[in-house]
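Remarks on the structure that follows.
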Amino acid sequence: MPADPVLHRTALAGCLLFIAGILAGVEIGLASTVALALVLVGFVVRSPATLRPGLVPVRLLLFVTGLFLVVQTLGRHGLDDLVGSLLGADGGALGALRAGGTGALLANALNNLPAYLAGESVLPTGDETRLLALLIGTNIGPLAAPWASLATLLWFERCRAAKVAVPVTRFVLTSTLLAVTGTLGAVGALLLVS
């Protein structure tokens, strides 16, 4: 049971409002701003003491923004060609597996958000199976490395702030196994329903 059920329901409403906005085709900036405003008002009214500047991960936001800029620049200077060759032109099961593997590889080398954009920019628009496999690879594959997704970076940051030690070697070994089997399993499931 949450400590403050009203605040919990307000946060849940903000999340559901965001999802509904995205599904309805509302621009992501507007949907996220409205959802954020609802949750922020909930905290201002119900728990103002928990709001403090330290909650905003400024370093991570700057890091991820910088990654997008770097990937866009690299795309103009050969990254798009490299990603295109990694993805290949194969269709079917081999093409989907290559797309999922490429997504996982790029996510762990860069970060999953710019990695997905780099892959999406070179895949043909009608190739839904490979696009979905790329999405799988860039969402499950980043489990392998602490820097590979914004969610993991935020989790590491919160652990560090709470002085919780995370054994990085064990994390990487366990997560790599999970990332590989999860990506293969999810791409396999995609191929079964495609």
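Quick note on naming: the chains in the structure tokens go A, B, ... in the order shown, residues restart at 1 in each chain, and ligands are numbered from 1 in order of appearance.
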Item to check | Ala148 in chain A surroundings by only C-alpha atoms, 10 Å radius, close-in-sequence under 6 positions cut, as an MDAnalysis selection string | outcome: chainID A and resid 104:113 115 138:139 141:142
Checklist entry - So which bits of range 3-191 of chain A end up alpha helix (DSSP H) when you DSSP the backbone, as a PyMOL selection string? => result chain A and resi 5-23+28-46+58-74+80-87+92-109+112-120+128-140+150-161+168-191
Item to check | Nearest to Gly100 in chain A by atom-to-atom distance, counting only C-alpha atoms, from A:Leu135, A:Ala31, A:Val26, A:Val168 | outcome: A:Leu135
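Nearest-residue note for Trp147 in chain A: choosing from A:Val187, A:Val64, A:Leu51, A:Ile19, the minimum distance belongs to A:Val64, counting only C-alpha atoms.
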Item to check | d(CA of Ala37 in chain A, CA of Gly21 in chain A) in Å | outcome: 14.0 Å
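Minimum atom-to-atom distances from A:Leu23, A:Leu131, A:Ala49, A:Val122 to Leu82 in chain A were compared using only C-alpha atoms, and the lowest value belongs to A:Val122.
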Next on the checklist: Need to verify the contact set: range 178-184 of chain A, 6 Å, only C-alpha atoms, exclusion of same-chain residues closer than 6 positions in sequence. Can you return it as a list in words?
Outcome noted: Gly137, Ile140, Gly141, Leu143 and Ala144 of chain A
Atoms to include: all heavy atoms. Write the selected residues as a PDB file, in the first residue's frame.
```
ATOM      1  N   GLY A 137      15.656  -5.005 -30.221  1.00  0.00           N
ATOM      2  CA  GLY A 137      17.088  -5.000 -29.919  1.00  0.00           C
ATOM      3  C   GLY A 137      17.533  -3.791 -29.136  1.00  0.00           C
ATOM      4  O   GLY A 137      18.366  -3.892 -28.235  1.00  0.00           O
ATOM      5  N   ILE A 140      15.687  -4.349 -25.373  1.00  0.00           N
ATOM      6  CA  ILE A 140      16.101  -5.465 -24.520  1.00  0.00           C
ATOM      7  C   ILE A 140      17.626  -5.566 -24.483  1.00  0.00           C
ATOM      8  O   ILE A 140      18.217  -5.808 -23.437  1.00  0.00           O
ATOM      9  CB  ILE A 140      15.475  -6.792 -24.994  1.00  0.00           C
ATOM     10  CG1 ILE A 140      13.953  -6.705 -24.917  1.00  0.00           C
ATOM     11  CG2 ILE A 140      15.981  -7.957 -24.148  1.00  0.00           C
ATOM     12  CD1 ILE A 140      13.230  -7.899 -25.490  1.00  0.00           C
ATOM     13  N   GLY A 141      18.254  -5.348 -25.611  1.00  0.00           N
ATOM     14  CA  GLY A 141      19.708  -5.434 -25.706  1.00  0.00           C
ATOM     15  C   GLY A 141      20.477  -4.547 -24.741  1.00  0.00           C
ATOM     16  O   GLY A 141      21.522  -4.949 -24.225  1.00  0.00           O
ATOM     17  N   LEU A 143      20.204  -4.009 -21.786  1.00  0.00           N
ATOM     18  CA  LEU A 143      20.340  -4.526 -20.423  1.00  0.00           C
ATOM     19  C   LEU A 143      21.783  -4.913 -20.121  1.00  0.00           C
ATOM     20  O   LEU A 143      22.183  -5.012 -18.970  1.00  0.00           O
ATOM     21  CB  LEU A 143      19.436  -5.751 -20.232  1.00  0.00           C
ATOM     22  CG  LEU A 143      17.942  -5.498 -20.279  1.00  0.00           C
ATOM     23  CD1 LEU A 143      17.181  -6.815 -20.238  1.00  0.00           C
ATOM     24  CD2 LEU A 143      17.505  -4.601 -19.139  1.00  0.00           C
ATOM     25  N   ALA A 144      22.579  -5.128 -21.170  1.00  0.00           N
ATOM     26  CA  ALA A 144      23.935  -5.646 -20.985  1.00  0.00           C
ATOM     27  C   ALA A 144      24.913  -4.649 -20.387  1.00  0.00           C
ATOM     28  O   ALA A 144      25.848  -5.033 -19.699  1.00  0.00           O
ATOM     29  CB  ALA A 144      24.476  -6.161 -22.317  1.00  0.00           C
TER      30      ALA A 144
END
```
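Nearest to Trp155 in chain A of all the residues A:Leu60, A:Ala186, A:Ala13, A:Val172 is A:Leu60, counting only C-alpha atoms.
Note that the spacing between CA of Gly25 in chain A and CA of Ala99 in chain A amounts to 26.3 Å.
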Checklist entry - Which polymer residues have any atom within 9 Å of an atom of Leu190 in chain A, counting only C-alpha atoms, with same-chain residues fewer than 5 positions away left out, as a PyMOL selection string? => result chain A and resi 96+129+132-133+185
Resulting file, chosen residues, all heavy atoms, as a short mmCIF file (atom, residue, chain, number, x, y, z; two decimals), in the first residue's frame:
```cif
data_model
loop_
_atom_site.label_atom_id
_atom_site.label_comp_id
_atom_site.auth_asym_id
_atom_site.auth_seq_id
_atom_site.Cartn_x
_atom_site.Cartn_y
_atom_site.Cartn_z
N ALA A 96 15.37 -10.11 -39.63
CA ALA A 96 14.85 -9.70 -38.32
C ALA A 96 15.90 -9.94 -37.23
O ALA A 96 16.10 -9.09 -36.35
CB ALA A 96 13.57 -10.46 -38.00
N THR A 129 8.65 -5.64 -39.99
CA THR A 129 9.23 -6.71 -39.16
C THR A 129 10.63 -6.34 -38.70
O THR A 129 10.96 -6.47 -37.52
CB THR A 129 9.24 -8.04 -39.93
OG1 THR A 129 7.89 -8.37 -40.29
CG2 THR A 129 9.83 -9.15 -39.08
N LEU A 132 10.46 -3.49 -36.15
CA LEU A 132 10.08 -3.98 -34.82
C LEU A 132 11.22 -4.77 -34.17
O LEU A 132 11.43 -4.67 -32.96
CB LEU A 132 8.81 -4.84 -34.90
CG LEU A 132 7.53 -4.06 -35.17
CD1 LEU A 132 6.37 -5.01 -35.45
CD2 LEU A 132 7.19 -3.14 -34.01
N ALA A 133 11.95 -5.54 -34.98
CA ALA A 133 13.11 -6.28 -34.43
C ALA A 133 14.18 -5.31 -33.96
O ALA A 133 14.81 -5.53 -32.91
CB ALA A 133 13.67 -7.22 -35.49
N GLY A 185 14.71 -14.31 -27.90
CA GLY A 185 13.36 -14.79 -27.63
C GLY A 185 12.27 -13.86 -28.14
O GLY A 185 11.28 -14.30 -28.74
#
```
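Proximity ranking of A:Ile28, A:Ala145, A:Val71, A:Ala20 relative to Tyr116 in chain A places A:Val71 first, based on only C-alpha atoms.
Proximity to Arg98 in chain A was assessed for A:Gly188, A:Lys163, A:Leu79, A:Phe18 counting only C-alpha atoms; the smallest distance is recorded for A:Gly188.
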Item to check | Contacts of Leu55 in chain A within 12 Å, only C-alpha atoms, excl. fewer than 3 positions in-chain, as a PyMOL selection string | outcome: chain A and resi 49-52+58-61+154+157-158+161
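Taking CA of Ser194 in chain A and CA of Pro114 in chain A as the two end points, the separation is 26.0 Å.
If you count only C-alpha atoms and ignore residues fewer than 3 places along the chain from Val6 in chain A, what sits within 12 Å of it is Met1, Pro2, Ala3, Arg9, Thr10, Ala11, Leu12, Ala13, Val39, Gly42, Phe43, Val45, Arg46 and Ser47 of chain A.
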